[in-house]
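Peer 1: Input: one structure, supplied below.
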Amino acid sequence: MQSCQQPLCAPGPRGPRPVAPLLPLLLLLALQGAGAAPAPPGVFQGNRWFLSQTLNQAAPAAVHFLNFRVGSPSALRVLSHVPWSLAWISVKKEYHANVTFVTKPFNPKDGKEERSGKCNAQLLFKKHKPRPAVNVTCPQFIEKSRQQQEDYLIYKHLKQLKNPLDVVSIPDSQGYIDPSLRPMWDLAFLGSSYVMWEKTTLGSRYQLARLTGVKQWKTDNDAIDFDYTVLLHEFSTQEMIPCRIHLVWYPGKPLKVKYHCPGQQTPDEASETEEGSAVAPTELSNF
Ligand SMILES: *[C@@H]1O[C@H](CO)[C@@H](O)[C@H](O)[C@H]1NC(C)=O
Ligand SMILES: *[C@@H]1O[C@H](CO)[C@@H](O)[C@H](O)[C@H]1NC(C)=O
């Protein structure tokens, strides 16, 4: 635990103890959780703004990262609630969060028992950088063998799809997802989780809104090679960001993802590929 000099830092073994008048503020920040209304982008009120942003972004970013790391379209999770979170600033002016969150299945299956449970995550944000560093530990939500079986069924289903290029939108304009398209939607969600984790900064947080088109669908080798466009909803600006995503998936193998979100070039993001808060996962860099 680093000692800290900021007035809102958490108590640590060597850090200064928070003085009594600051405690309510620390608690307030800790209780705000993921549902708090984001401050307007660009309005910086010093450390407090960053601390409350750290809390807002922490659990959603941890869930995106978790989905990507598990790499299984049958084990996708979404955030249910955040019973506890805490943010502080280190002496290196890095923004840390410890968060406990509860997830639920993205795709609940009738009649099958789904374990839920609390996950714990530690996150680190460098002020203006995307891609927070995340350590997350969760119970195993579905039994490994069942997850492998379900992934394989998804894989078989997707392998049989001939050329789903006429997919216009998932969900459709009524919000409906045809069951035959569900595996494709799940795989698109998995790839988008990586993109959403990578793009998360203290000022921006994303949610997958829809898959708007499949550009390419190749299954001539073992893997599924899928090139598609999604709309990501960004919370602070309420913008819909189109991103083109290319992914390669084979059950049990690490997911490979490449993406491009045109029109989103801000000076902050120009550094995205070089420098994020976290080091890019090495298995992706040679893709
Ligand atoms: C955050 O979590 C880590 C890992 O559990 C722990 O070592 C650390 O003390 C926690 N920090 C705070 C401020 O609670
Ligand atoms: C994650 O864990 C590693 C190894 O224990 C540690 O070096 C790293 O600082 C941790 N990252 C965060 C964000 O807590």
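In the structure tokens, each chain is lettered A, B, ... as it comes, each chain's residues begin at 1, and ligands are numbered from 1 in order of appearance.
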What does the list of residues within 12 Å of ligand 2 look like if you count only C-alpha atoms and all ligand atoms, written as a PyMOL selection string?
Peer 2: chain A and resi 1-2+58+61-62+87+90+94-99+120-126+131-137+277-279
Peer 1: Please, which residues of stretch 37-189 of chain A, numbered as in this document, come out helix (DSSP H, G or I) from DSSP, as a PyMOL selection string?
Peer 2: chain A and resi 47-70+144-160+164-166+179-189
Peer 1: Which polymer residues have any atom within 10 Å of an atom of A:Glu150, counting only C-alpha atoms, with same-chain residues fewer than 4 positions away left out, as number ranges by chain?
Peer 2: A: 72-75, 144-146, 154-156, 251
Peer 1: Can you list, as a PyMOL selection string, every protein, DNA or RNA residue that comes within 9 Å of stretch 170-176 of chain A when you count only C-alpha atoms, leaving out same-chain residues fewer than 5 positions away?
Peer 2: chain A and resi 181-182+185+209-213
Peer 1: Keeping only N, CA and C atoms, write those residues as a PDB file, in the first residue's frame.
Peer 2:
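The result, stored in part-v9.pdb:
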```pdb
ATOM      1  N   LEU A 181     -29.783 -16.066 -34.324  1.00  0.00           N
ATOM      2  CA  LEU A 181     -28.704 -15.070 -34.387  1.00  0.00           C
ATOM      3  C   LEU A 181     -28.037 -14.845 -33.033  1.00  0.00           C
ATOM      4  N   ARG A 182     -28.595 -15.458 -32.012  1.00  0.00           N
ATOM      5  CA  ARG A 182     -28.094 -15.251 -30.652  1.00  0.00           C
ATOM      6  C   ARG A 182     -26.602 -15.601 -30.514  1.00  0.00           C
ATOM      7  N   TRP A 185     -24.583 -12.836 -31.912  1.00  0.00           N
ATOM      8  CA  TRP A 185     -24.669 -11.669 -31.027  1.00  0.00           C
ATOM      9  C   TRP A 185     -23.750 -11.862 -29.814  1.00  0.00           C
ATOM     10  N   ALA A 209     -24.572  -1.275 -27.892  1.00  0.00           N
ATOM     11  CA  ALA A 209     -25.970  -0.973 -28.219  1.00  0.00           C
ATOM     12  C   ALA A 209     -26.498  -1.959 -29.263  1.00  0.00           C
ATOM     13  N   ARG A 210     -25.818  -2.057 -30.396  1.00  0.00           N
ATOM     14  CA  ARG A 210     -26.251  -3.035 -31.390  1.00  0.00           C
ATOM     15  C   ARG A 210     -25.149  -3.399 -32.378  1.00  0.00           C
ATOM     16  N   LEU A 211     -25.375  -4.543 -32.996  1.00  0.00           N
ATOM     17  CA  LEU A 211     -24.504  -4.985 -34.079  1.00  0.00           C
ATOM     18  C   LEU A 211     -25.183  -4.502 -35.347  1.00  0.00           C
ATOM     19  N   THR A 212     -24.478  -3.701 -36.139  1.00  0.00           N
ATOM     20  CA  THR A 212     -25.166  -3.082 -37.266  1.00  0.00           C
ATOM     21  C   THR A 212     -24.833  -3.723 -38.601  1.00  0.00           C
ATOM     22  N   GLY A 213     -23.899  -4.618 -38.641  1.00  0.00           N
ATOM     23  CA  GLY A 213     -23.646  -5.262 -39.916  1.00  0.00           C
ATOM     24  C   GLY A 213     -22.474  -6.204 -39.834  1.00  0.00           C
TER      25      GLY A 213
END
```
Peer 1: Which residues, written as a list in words, have at least one atom at most 6 Å from stretch 195-208 of chain A, with only C-alpha atoms counted and residues fewer than 4 positions away on the same chain left out?
Peer 2: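 Residues near the query, excluding close chain neighbours: Gln53, Thr54, Ala61, His64, Phe65, Lys129, Pro130, Arg131, Leu232, His233, Glu234 and Phe235 of chain A.
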Peer 1: Suppose we keep N, CA and C atoms; can you now write the selection as a PDB file, in the first residue's frame?
Peer 2:
```
ATOM      1  N   GLN A  53     -15.130   9.690 -10.800  1.00  0.00           N
ATOM      2  CA  GLN A  53     -15.067   9.010 -12.096  1.00  0.00           C
ATOM      3  C   GLN A  53     -14.432   7.631 -11.943  1.00  0.00           C
ATOM      4  N   THR A  54     -13.394   7.552 -11.120  1.00  0.00           N
ATOM      5  CA  THR A  54     -12.738   6.262 -10.916  1.00  0.00           C
ATOM      6  C   THR A  54     -13.750   5.247 -10.402  1.00  0.00           C
ATOM      7  N   ALA A  61     -15.737  -1.399 -16.186  1.00  0.00           N
ATOM      8  CA  ALA A  61     -14.498  -1.773 -16.873  1.00  0.00           C
ATOM      9  C   ALA A  61     -14.043  -3.161 -16.449  1.00  0.00           C
ATOM     10  N   HIS A  64     -16.123  -5.757 -18.375  1.00  0.00           N
ATOM     11  CA  HIS A  64     -15.662  -5.889 -19.767  1.00  0.00           C
ATOM     12  C   HIS A  64     -14.382  -6.724 -19.809  1.00  0.00           C
ATOM     13  N   PHE A  65     -13.479  -6.396 -18.902  1.00  0.00           N
ATOM     14  CA  PHE A  65     -12.199  -7.105 -18.880  1.00  0.00           C
ATOM     15  C   PHE A  65     -12.403  -8.583 -18.544  1.00  0.00           C
ATOM     16  N   LYS A 129      -5.446   8.327 -19.652  1.00  0.00           N
ATOM     17  CA  LYS A 129      -5.151   7.188 -20.514  1.00  0.00           C
ATOM     18  C   LYS A 129      -6.306   6.191 -20.539  1.00  0.00           C
ATOM     19  N   PRO A 130      -6.487   5.550 -21.690  1.00  0.00           N
ATOM     20  CA  PRO A 130      -7.491   4.483 -21.765  1.00  0.00           C
ATOM     21  C   PRO A 130      -6.934   3.188 -21.169  1.00  0.00           C
ATOM     22  N   ARG A 131      -7.708   2.133 -21.252  1.00  0.00           N
ATOM     23  CA  ARG A 131      -7.294   0.777 -20.912  1.00  0.00           C
ATOM     24  C   ARG A 131      -6.801   0.642 -19.458  1.00  0.00           C
ATOM     25  N   LEU A 232     -21.396   1.484 -30.153  1.00  0.00           N
ATOM     26  CA  LEU A 232     -21.154   1.511 -28.712  1.00  0.00           C
ATOM     27  C   LEU A 232     -21.739   2.799 -28.153  1.00  0.00           C
ATOM     28  N   HIS A 233     -22.493   2.655 -27.110  1.00  0.00           N
ATOM     29  CA  HIS A 233     -23.074   3.830 -26.453  1.00  0.00           C
ATOM     30  C   HIS A 233     -22.083   4.350 -25.422  1.00  0.00           C
ATOM     31  N   GLU A 234     -21.704   5.624 -25.573  1.00  0.00           N
ATOM     32  CA  GLU A 234     -20.779   6.219 -24.612  1.00  0.00           C
ATOM     33  C   GLU A 234     -21.610   7.071 -23.651  1.00  0.00           C
ATOM     34  N   PHE A 235     -21.426   6.818 -22.351  1.00  0.00           N
ATOM     35  CA  PHE A 235     -22.341   7.395 -21.358  1.00  0.00           C
ATOM     36  C   PHE A 235     -22.197   8.895 -21.174  1.00  0.00           C
TER      37      PHE A 235
END
```
Peer 1: How far is it from atom CA of A:Trp217 to atom CA of A:Ser192, in Å with one decimal?
Peer 2: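 Interatomic distance here is 16.6 Å.
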Peer 1: Go through stretch 135-266 of chain A and collect every residue that DSSP, computed from the backbone, puts in strand (DSSP E); the answer should be as number ranges by chain.
Peer 2: A: 135-137, 206-218, 224-234, 239-249, 256-260
Peer 1: Give the answer as one residue: which of A:Tyr152, A:Phe189, A:Trp88, A:Phe50 has the shortest atom-to-atom distance to ligand 1, using only C-alpha atoms and all ligand atoms?
Peer 2: A:Trp88
Peer 1: Which residues, written as a compact mmCIF listing (two decimals) with N, CA, C and O atoms, in the first residue's frame, have at least one atom at most 10 Å from stretch 252-259 of chain A, with only C-alpha atoms counted and residues fewer than 5 positions away on the same chain left out?
Peer 2:
```
# COMPACT_ATOMS: atom_id res chain seq x y z
N PHE A 68 -13.72 -10.52 -21.52
CA PHE A 68 -12.66 -10.73 -22.50
C PHE A 68 -11.70 -11.81 -22.00
O PHE A 68 -11.32 -12.71 -22.74
N ARG A 69 -11.31 -11.73 -20.74
CA ARG A 69 -10.30 -12.66 -20.23
C ARG A 69 -10.83 -14.09 -20.19
O ARG A 69 -10.12 -15.03 -20.52
N VAL A 70 -12.10 -14.26 -19.80
CA VAL A 70 -12.69 -15.62 -19.78
C VAL A 70 -12.81 -16.11 -21.23
O VAL A 70 -12.62 -17.29 -21.51
N GLY A 71 -13.12 -15.20 -22.15
CA GLY A 71 -13.08 -15.52 -23.59
C GLY A 71 -14.11 -16.54 -24.04
O GLY A 71 -13.88 -17.26 -25.00
N SER A 72 -15.24 -16.60 -23.36
CA SER A 72 -16.23 -17.63 -23.66
C SER A 72 -17.59 -16.99 -23.95
O SER A 72 -18.16 -16.35 -23.08
N GLN A 147 -19.27 -25.20 -19.58
CA GLN A 147 -18.90 -24.03 -20.39
C GLN A 147 -18.25 -24.46 -21.70
O GLN A 147 -18.56 -23.94 -22.77
N GLN A 148 -17.36 -25.46 -21.61
CA GLN A 148 -16.69 -25.95 -22.83
C GLN A 148 -17.71 -26.55 -23.81
O GLN A 148 -17.64 -26.30 -25.00
N ASP A 151 -19.74 -23.71 -25.33
CA ASP A 151 -18.94 -23.00 -26.32
C ASP A 151 -18.86 -23.80 -27.61
O ASP A 151 -18.92 -23.25 -28.70
N TYR A 152 -18.71 -25.10 -27.46
CA TYR A 152 -18.58 -25.94 -28.65
C TYR A 152 -19.88 -25.93 -29.47
O TYR A 152 -19.85 -25.90 -30.71
N LEU A 190 -18.74 -10.52 -27.00
CA LEU A 190 -17.43 -10.89 -26.44
C LEU A 190 -16.32 -10.01 -27.03
O LEU A 190 -15.50 -9.45 -26.30
N GLY A 191 -16.33 -9.86 -28.36
CA GLY A 191 -15.31 -9.01 -29.00
C GLY A 191 -15.44 -7.56 -28.56
O GLY A 191 -14.45 -6.87 -28.31
N SER A 192 -16.69 -7.11 -28.42
CA SER A 192 -16.92 -5.72 -28.02
C SER A 192 -16.44 -5.47 -26.59
O SER A 192 -16.05 -4.35 -26.25
N TYR A 194 -13.79 -6.52 -25.20
CA TYR A 194 -12.37 -6.14 -25.27
C TYR A 194 -12.24 -4.67 -25.67
O TYR A 194 -11.51 -3.90 -25.05
N VAL A 195 -12.99 -4.29 -26.71
CA VAL A 195 -12.91 -2.91 -27.20
C VAL A 195 -13.35 -1.93 -26.10
O VAL A 195 -12.72 -0.91 -25.87
N ALA A 223 -10.85 -21.78 -37.18
CA ALA A 223 -11.39 -20.70 -36.35
C ALA A 223 -12.56 -20.00 -37.04
O ALA A 223 -12.79 -20.17 -38.23
N ASP A 225 -13.75 -16.42 -38.11
CA ASP A 225 -13.09 -15.17 -38.44
C ASP A 225 -14.20 -14.21 -38.86
O ASP A 225 -14.89 -14.44 -39.84
N PHE A 226 -14.38 -13.16 -38.08
CA PHE A 226 -15.64 -12.43 -38.12
C PHE A 226 -15.32 -10.93 -38.10
O PHE A 226 -14.59 -10.46 -37.23
N ASP A 227 -15.84 -10.22 -39.08
CA ASP A 227 -15.56 -8.80 -39.22
C ASP A 227 -16.92 -8.08 -39.21
O ASP A 227 -17.75 -8.33 -40.07
N TYR A 228 -17.13 -7.23 -38.22
CA TYR A 228 -18.47 -6.67 -38.06
C TYR A 228 -18.42 -5.25 -37.52
O TYR A 228 -17.37 -4.78 -37.09
N THR A 229 -19.57 -4.60 -37.53
CA THR A 229 -19.65 -3.22 -37.03
C THR A 229 -20.65 -3.16 -35.88
O THR A 229 -21.72 -3.76 -35.96
N CYS A 243 -17.93 1.17 -34.35
CA CYS A 243 -16.61 0.55 -34.34
C CYS A 243 -16.64 -0.69 -35.23
O CYS A 243 -17.58 -1.48 -35.17
N ARG A 244 -15.61 -0.81 -36.03
CA ARG A 244 -15.46 -2.01 -36.84
C ARG A 244 -14.53 -2.95 -36.09
O ARG A 244 -13.44 -2.56 -35.67
N ILE A 245 -14.97 -4.17 -35.90
CA ILE A 245 -14.22 -5.13 -35.08
C ILE A 245 -13.92 -6.38 -35.90
O ILE A 245 -14.79 -6.88 -36.61
N HIS A 246 -12.71 -6.82 -35.79
CA HIS A 246 -12.33 -8.07 -36.46
C HIS A 246 -11.93 -9.05 -35.36
O HIS A 246 -11.05 -8.74 -34.56
N LEU A 247 -12.57 -10.18 -35.30
CA LEU A 247 -12.17 -11.13 -34.26
C LEU A 247 -11.97 -12.52 -34.83
O LEU A 247 -12.57 -12.89 -35.85
N GLU A 283 -0.45 -11.56 -26.01
CA GLU A 283 -0.89 -12.52 -27.02
C GLU A 283 -1.63 -11.84 -28.16
O GLU A 283 -1.89 -12.44 -29.18
N LEU A 284 -2.01 -10.57 -27.97
CA LEU A 284 -2.75 -9.87 -29.01
C LEU A 284 -1.84 -9.08 -29.92
O LEU A 284 -2.21 -8.72 -31.01
N SER A 285 -0.61 -8.83 -29.47
CA SER A 285 0.19 -7.86 -30.19
C SER A 285 0.70 -8.41 -31.53
O SER A 285 1.04 -7.65 -32.40
N ASN A 286 0.74 -9.71 -31.68
CA ASN A 286 1.22 -10.25 -32.95
C ASN A 286 0.09 -10.63 -33.90
O ASN A 286 0.27 -11.35 -34.84
N PHE A 287 -1.08 -10.14 -33.62
CA PHE A 287 -2.25 -10.48 -34.43
C PHE A 287 -2.30 -9.59 -35.67
O PHE A 287 -2.14 -8.39 -35.57
```
Peer 1: Kindly indicate which residue among A:Asn67, A:Ser85, A:Gln140, A:Gln160 lies nearest to ligand 1, using only C-alpha atoms and all ligand atoms for the distances.
Peer 2: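 Closest candidate: A:Ser85.
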Peer 1: Can you list, as a list in words, every protein, DNA or RNA residue that comes within 6 Å of A:Pro242 when you count only C-alpha atoms, leaving out same-chain residues fewer than 5 positions away?
Peer 2: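 That gives Val230, Leu231 and Cys261 of chain A.
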Peer 1: Please, what distance in Å, to one decimal, runs between atom CA of A:Gly117 and atom CA of A:Cys138?
Peer 2: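 Taking atom CA of A:Gly117 as the start and atom CA of A:Cys138 as the end point, the length is 7.3 Å.
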Peer 1: What is the distance between atom CA of A:Trp49 and atom 13 (C, counted along the ligand's line) of ligand 1, in Å to one decimal?
Peer 2: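 Atom-to-atom, atom CA of A:Trp49 and atom 13 (C, counted along the ligand's line) of ligand 1 are spaced 18.4 Å apart.
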Peer 1: Between A:Pro139, A:Pro262, A:Pro179, A:Pro105, which one has atoms that come closest to A:Leu76, using only C-alpha atoms?
Peer 2: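 Under the stated criterion, the closest residue is A:Pro105.
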Peer 1: From the list A:Leu79, A:Val63, A:Tyr250, A:Thr100, which residue is nearest ligand 1 when using only C-alpha atoms and all ligand atoms?
Peer 2: A:Thr100
